[in-house]
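*Asks:* Data: input_16.cif, mmCIF, C-alpha atoms.
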data_final
loop_
_atom_site.label_atom_id
_atom_site.label_comp_id
_atom_site.auth_asym_id
_atom_site.auth_seq_id
_atom_site.Cartn_x
_atom_site.Cartn_y
_atom_site.Cartn_z
CA MET A 1 -4.84 -2.28 8.82
CA ILE A 2 -4.03 -2.67 5.10
CA LYS A 3 -7.72 -2.21 4.29
CA LYS A 4 -7.74 0.85 6.55
CA LEU A 5 -4.80 2.34 4.66
CA LEU A 6 -6.59 1.84 1.35
CA THR A 7 -9.69 3.56 2.72
CA ALA A 8 -7.63 6.49 3.95
CA ALA A 9 -5.99 6.82 0.55
CA ALA A 10 -9.37 6.90 -1.17
CA LEU A 11 -10.80 9.52 1.21
CA LEU A 12 -7.73 11.71 1.44
CA ALA A 13 -8.44 15.31 0.45
CA VAL A 14 -5.23 16.81 1.77
CA THR A 15 -1.67 15.50 1.77
CA PHE A 16 1.34 16.10 3.95
CA ALA A 17 4.02 18.49 2.80
CA ALA A 18 6.51 16.61 0.71
CA ASN A 19 9.64 16.18 2.73
CA ALA A 20 9.81 12.75 1.17
CA ALA A 21 12.92 11.44 -0.42
CA ASP A 22 12.01 11.21 -4.12
CA ASP A 23 14.85 8.79 -4.63
CA GLY A 24 13.40 6.38 -2.04
CA ASP A 25 13.94 2.71 -2.69
CA LYS A 26 11.96 1.69 -5.80
CA ALA A 27 11.49 -1.86 -4.56
CA VAL A 28 9.76 -0.55 -1.45
CA ARG A 29 7.40 1.67 -3.41
CA ASP A 30 6.65 -1.11 -5.88
CA ALA A 31 5.90 -3.51 -3.01
CA ILE A 32 3.41 -1.10 -1.46
CA HIS A 33 1.70 -0.40 -4.78
CA SER A 34 1.45 -4.11 -5.55
CA MET A 35 -0.82 -4.41 -2.49
CA LEU A 36 -2.37 -0.94 -2.51
CA PRO A 37 -2.45 0.50 -6.02
CA MET A 38 -4.23 3.64 -4.77
CA ALA A 39 -1.88 4.24 -1.86
CA ILE A 40 -0.49 7.73 -1.45
CA ILE A 41 3.10 7.29 -0.30
CA ASP A 42 4.14 10.40 1.58
CA GLN A 43 7.65 9.36 2.56
CA VAL A 44 10.12 6.54 2.18
CA VAL A 45 13.11 6.88 4.50
CA LYS A 46 15.60 4.51 6.03
CA SER A 47 14.37 3.17 9.35
CA ASP A 48 16.25 2.83 12.59
CA LEU A 49 15.51 -0.87 12.15
CA PRO A 50 18.44 -2.20 10.07
CA GLY A 51 17.49 -3.41 6.62
CA PHE A 52 14.07 -1.73 6.71
CA TYR A 53 12.56 1.42 5.28
CA GLU A 54 9.96 3.43 7.14
CA VAL A 55 7.05 4.10 4.81
CA ILE A 56 4.39 6.70 5.52
CA ILE A 57 1.16 5.97 3.66
CA SER A 58 -1.54 8.59 4.10
CA GLY A 59 -0.33 9.29 7.61
CA GLN A 60 0.09 5.63 8.61
CA ILE A 61 3.49 4.07 9.29
CA VAL A 62 4.69 0.65 8.15
CA TYR A 63 8.13 -0.89 7.77
CA VAL A 64 9.29 -2.62 4.57
CA THR A 65 12.50 -4.50 3.87
CA GLN A 66 14.77 -2.86 1.35
CA ASP A 67 14.07 -5.63 -1.16
CA GLY A 68 10.32 -5.09 -0.78
CA LYS A 69 9.72 -8.68 0.31
CA TYR A 70 8.51 -8.19 3.87
CA LEU A 71 6.25 -5.63 5.55
CA LEU A 72 5.84 -5.04 9.28
CA GLN A 73 3.12 -3.07 10.99
CA GLY A 74 3.11 -2.04 14.61
CA SER A 75 5.29 -0.02 16.97
CA LEU A 76 9.06 0.07 16.75
CA TYR A 77 10.69 0.49 20.16
CA ASP A 78 14.14 1.74 21.09
CA VAL A 79 14.70 -0.55 24.08
CA PRO A 80 17.78 1.16 25.61
CA GLY A 81 16.26 4.58 25.06
CA LYS A 82 12.82 3.43 26.30
CA LYS A 83 11.16 5.19 23.37
CA ASP A 84 8.31 4.26 21.07
CA LEU A 85 9.87 5.43 17.81
CA THR A 86 6.71 4.87 15.79
CA ALA A 87 4.63 6.97 18.18
CA GLY A 88 7.26 9.69 18.00
CA ARG A 89 7.17 9.77 14.21
CA LEU A 90 3.37 9.73 14.16
CA ALA A 91 3.29 12.62 16.63
CA LYS A 92 5.65 14.58 14.39
CA LEU A 93 3.39 13.99 11.37
CA ARG A 94 0.31 15.02 13.32
CA GLY A 95 2.05 18.07 14.79
CA GLU A 96 3.06 19.26 11.32
CA ALA A 97 -0.47 18.68 10.00
CA ILE A 98 -2.28 20.57 12.76
CA ALA A 99 0.24 23.39 12.52
CA ARG A 100 -0.74 23.77 8.84
CA LEU A 101 -4.47 23.70 9.58
CA PRO A 102 -5.57 27.36 9.63
CA ALA A 103 -7.49 28.72 12.59
CA SER A 104 -10.24 29.67 10.13
CA LYS A 105 -11.10 25.96 9.89
CA GLU A 106 -11.27 25.38 13.65
CA MET A 107 -13.58 26.43 16.47
CA ILE A 108 -11.45 28.05 19.14
CA PHE A 109 -12.24 28.45 22.83
CA ALA A 110 -9.31 30.23 24.43
CA PRO A 111 -8.35 32.45 27.36
CA ALA A 112 -6.77 35.84 26.70
CA ASN A 113 -3.21 34.61 27.14
CA PRO A 114 -3.13 30.81 26.82
CA LYS A 115 -0.22 28.89 28.25
CA TYR A 116 -0.95 25.79 26.17
CA THR A 117 -2.98 24.80 23.14
CA VAL A 118 -4.61 21.46 22.43
CA THR A 119 -6.30 20.36 19.21
CA VAL A 120 -9.38 18.22 19.72
CA PHE A 121 -11.00 16.13 16.96
CA THR A 122 -14.65 16.17 17.93
CA ASP A 123 -18.07 14.84 16.92
CA VAL A 124 -21.30 16.62 17.82
CA ASP A 125 -22.94 13.36 19.00
CA CYS A 126 -19.92 11.99 20.89
CA PRO A 127 -20.82 11.63 24.60
CA TYR A 128 -17.21 11.96 25.74
CA CYS A 129 -16.81 15.08 23.59
CA ARG A 130 -19.82 16.50 25.42
CA GLN A 131 -18.29 15.65 28.77
CA PHE A 132 -15.05 17.34 27.73
CA HIS A 133 -16.77 20.51 26.52
CA LYS A 134 -18.86 20.91 29.66
CA GLN A 135 -15.56 21.85 31.36
CA ILE A 136 -14.41 24.27 28.68
CA ASP A 137 -14.43 27.24 31.05
CA GLU A 138 -12.24 25.32 33.50
CA PHE A 139 -9.80 24.38 30.73
CA ASN A 140 -9.57 28.03 29.75
CA ARG A 141 -9.07 29.12 33.36
CA ALA A 142 -6.21 26.61 33.55
CA GLY A 143 -4.56 28.48 30.66
CA ILE A 144 -5.46 25.93 27.99
CA ALA A 145 -6.76 27.01 24.58
CA VAL A 146 -8.90 24.39 22.87
CA HIS A 147 -8.97 24.23 19.08
CA TYR A 148 -11.83 21.99 17.96
CA VAL A 149 -11.63 20.22 14.61
CA LEU A 150 -14.93 18.81 13.35
CA TYR A 151 -14.61 15.08 12.75
CA PRO A 152 -18.11 13.59 12.29
CA LEU A 153 -18.16 9.83 12.78
CA ASP A 154 -19.98 7.67 10.26
CA LEU A 155 -21.57 5.64 13.05
CA HIS A 156 -23.65 8.65 14.11
CA PRO A 157 -26.73 9.41 11.94
CA ARG A 158 -26.56 12.82 10.23
CA ALA A 159 -23.13 13.42 11.74
CA ASP A 160 -21.85 15.33 8.71
CA THR A 161 -25.06 17.37 8.46
CA LYS A 162 -24.93 18.30 12.14
CA ALA A 163 -21.27 19.28 11.92
CA ALA A 164 -22.01 21.50 8.92
CA ALA A 165 -25.00 23.07 10.70
CA VAL A 166 -22.85 23.97 13.70
CA TRP A 167 -20.23 25.50 11.44
CA CYS A 168 -22.81 27.47 9.46
CA ALA A 169 -24.50 29.01 12.51
CA ASP A 170 -24.23 32.76 13.01
CA ASP A 171 -22.28 32.06 16.22
CA ARG A 172 -20.65 28.68 15.69
CA ASN A 173 -19.07 28.54 19.16
CA ALA A 174 -22.46 29.09 20.75
CA ALA A 175 -24.01 26.57 18.36
CA TYR A 176 -21.36 24.01 19.25
CA THR A 177 -21.95 24.55 22.96
CA ALA A 178 -25.71 24.14 22.45
CA ALA A 179 -25.13 20.93 20.49
CA MET A 180 -22.88 19.65 23.26
CA ASN A 181 -25.80 20.23 25.61
CA GLY A 182 -28.04 18.04 23.46
CA LYS A 183 -29.72 20.63 21.23
CA ASP A 184 -30.25 19.59 17.61
CA PRO A 185 -28.13 22.00 15.54
CA GLY A 186 -30.57 21.86 12.64
CA LYS A 187 -29.71 21.63 8.97
CA ALA A 188 -28.13 24.96 8.06
CA THR A 189 -25.74 24.79 5.11
CA CYS A 190 -22.94 26.95 3.80
CA SER A 191 -19.42 26.60 2.47
CA ASN A 192 -17.67 24.69 5.25
CA PRO A 193 -14.46 22.73 5.95
CA VAL A 194 -16.12 19.58 7.34
CA ALA A 195 -15.18 17.30 4.43
CA GLU A 196 -11.60 18.56 4.60
CA THR A 197 -11.21 18.18 8.36
CA LYS A 198 -12.82 14.73 8.22
CA ALA A 199 -10.37 13.66 5.50
CA LEU A 200 -7.52 15.09 7.56
CA GLY A 201 -8.58 13.02 10.57
CA VAL A 202 -8.70 9.87 8.44
CA ALA A 203 -5.29 10.65 7.00
CA LEU A 204 -3.85 11.12 10.49
CA GLY A 205 -5.25 7.80 11.67
CA ILE A 206 -7.76 9.40 14.06
CA ASN A 207 -10.19 6.61 14.94
CA ALA A 208 -12.07 7.95 17.97
CA THR A 209 -13.42 11.15 19.43
CA PRO A 210 -12.38 13.09 21.28
CA THR A 211 -8.78 12.70 20.18
CA ILE A 212 -6.73 15.30 22.02
CA LEU A 213 -3.37 16.36 20.59
CA ALA A 214 -0.73 18.54 22.20
CA ASP A 215 0.92 21.14 19.99
CA ASP A 216 3.74 18.69 19.21
CA GLY A 217 1.20 16.24 17.79
CA SER A 218 1.42 13.74 20.62
CA SER A 219 -1.84 12.21 21.76
CA ILE A 220 -3.05 12.79 25.30
CA ASP A 221 -4.90 9.97 27.01
CA SER A 222 -8.59 10.85 27.08
CA THR A 223 -8.92 9.87 30.74
CA THR A 224 -6.26 12.43 31.63
CA ALA A 225 -7.66 15.03 29.25
CA MET A 226 -11.11 14.88 30.82
CA SER A 227 -9.75 16.58 33.93
CA PRO A 228 -8.63 20.23 33.51
CA VAL A 229 -6.18 19.80 36.40
CA ALA A 230 -4.75 16.54 35.03
CA LEU A 231 -4.53 17.91 31.49
CA ALA A 232 -2.68 21.01 32.68
CA ALA A 233 -0.29 18.81 34.65
CA ALA A 234 0.30 16.59 31.61
CA LEU A 235 1.06 19.63 29.45
CA ASP A 236 3.40 20.99 32.15
CA LYS A 237 5.23 17.65 32.09
CA LYS A 238 5.55 17.71 28.30
CA ALA A 239 6.88 21.26 28.38
CA ALA A 240 9.43 20.37 31.06
CA ALA A 241 10.60 17.33 29.11
CA LYS A 242 10.94 19.41 25.95
CA ALA A 243 12.99 22.02 27.78
CA LYS A 244 15.29 19.45 29.38
CA PRO A 245 18.69 19.20 27.63
CA VAL A 246 19.26 15.90 25.83
CA ALA A 247 22.08 13.99 27.50
CA SER A 248 24.90 13.07 25.14
CA ARG A 249 25.63 9.36 24.74
#
What would you get if you wrote out this structure as structure tokens?

*Replies:*
Amino acid sequence: MIKKLLTAAALLAVTFAANAADDGDKAVRDAIHSMLPMAIIDQVVKSDLPGFYEVIISGQIVYVTQDGKYLLQGSLYDVPGKKDLTAGRLAKLRGEAIARLPASKEMIFAPANPKYTVTVFTDVDCPYCRQFHKQIDEFNRAGIAVHYVLYPLDLHPRADTKAAAVWCADDRNAAYTAAMNGKDPGKATCSNPVAETKALGVALGINATPTILADDGSSIDSTTAMSPVALAAALDKKAAAKAKPVASR
């Protein structure tokens, strides 16, 4: 993961808004930079884990002791509360990031009055992305707006070129649909956001397509998301949980 963090730092073209505590523990920052000189530290805040700081590095979360001697990676769980605290923080970061991404840098397929919105990081050559998009009309009929973010994977030949060609088409939604049906999008070029959205995906730790995010930044299991009925039910459940009053302890 450390190597992955370094790669993300090198590729990063956009950074998270600085809510970071500038007076974060110097020992923690020094410890991170001793391992990753190029690391972009977005935040250093006290963790719920006593004696540790939560450090956000280019959208990734690690935990470092206040003396900078030890580093932990992985999920931090609140056992009594039955909560994955790391997943919650990551969802918050992702939610803030996608909220800042303008619609002008997305491809949007939406009904007239959507009940929910999901953001989908997608690759033109991704077979599961194609399977997802084949049901786009059903997702829209279920009240779900789909905001696609182009995230070409390096493992696919010409992925960046194809993503740019889709974006540069006269009707990019139609071009995307054609590409999802197996048509080569060609090699059209223009000013496009592909490099930016790809860097954003790297910074957010997106490592597969499609990655489907609810508007709060939480990830939706792809198996669930492949079914319009199941996805709508999952979004209903999230909305109900959000609306439920938090019980006082």

*Asks:* Return as a ChimeraX atom specification the set of residues that the PyMOL selection byres ((chain A and resi 167) around 9) yields on the displayed structure.

*Replies:* /A:107,150,162-166,168-173,175-176,188-190,192-194

*Asks:* What's around Thr117 in chain A at 6 Å? Count all atoms listed in the file, leave out sequence neighbours fewer than 6 positions away in its own chain, and write the answer as a list of chain:residue names.

*Replies:*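 Listing them by chain and then by number gives A:Ile144, A:Ala145, A:Val146.
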
*Asks:* Could you tell me how far CA of Ile61 in chain A sits from CA of Arg89 in chain A, in Å to one decimal place?

*Replies:*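 Distance reported for this atom pair: 8.4 Å.
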
*Asks:* What gap, in Å, lies between CA of Leu49 in chain A and CA of Thr86 in chain A?

*Replies:* 11.1 Å

*Asks:* Residues within 6 Å of range 200-216 of chain A, please, as JSON, numbers by chain. Count only C-alpha atoms; anything in the same chain fewer than 6 positions from it doesn't count.

*Replies:* {"A": [8, 58, 59, 95, 118, 119, 120, 121, 122, 129]}
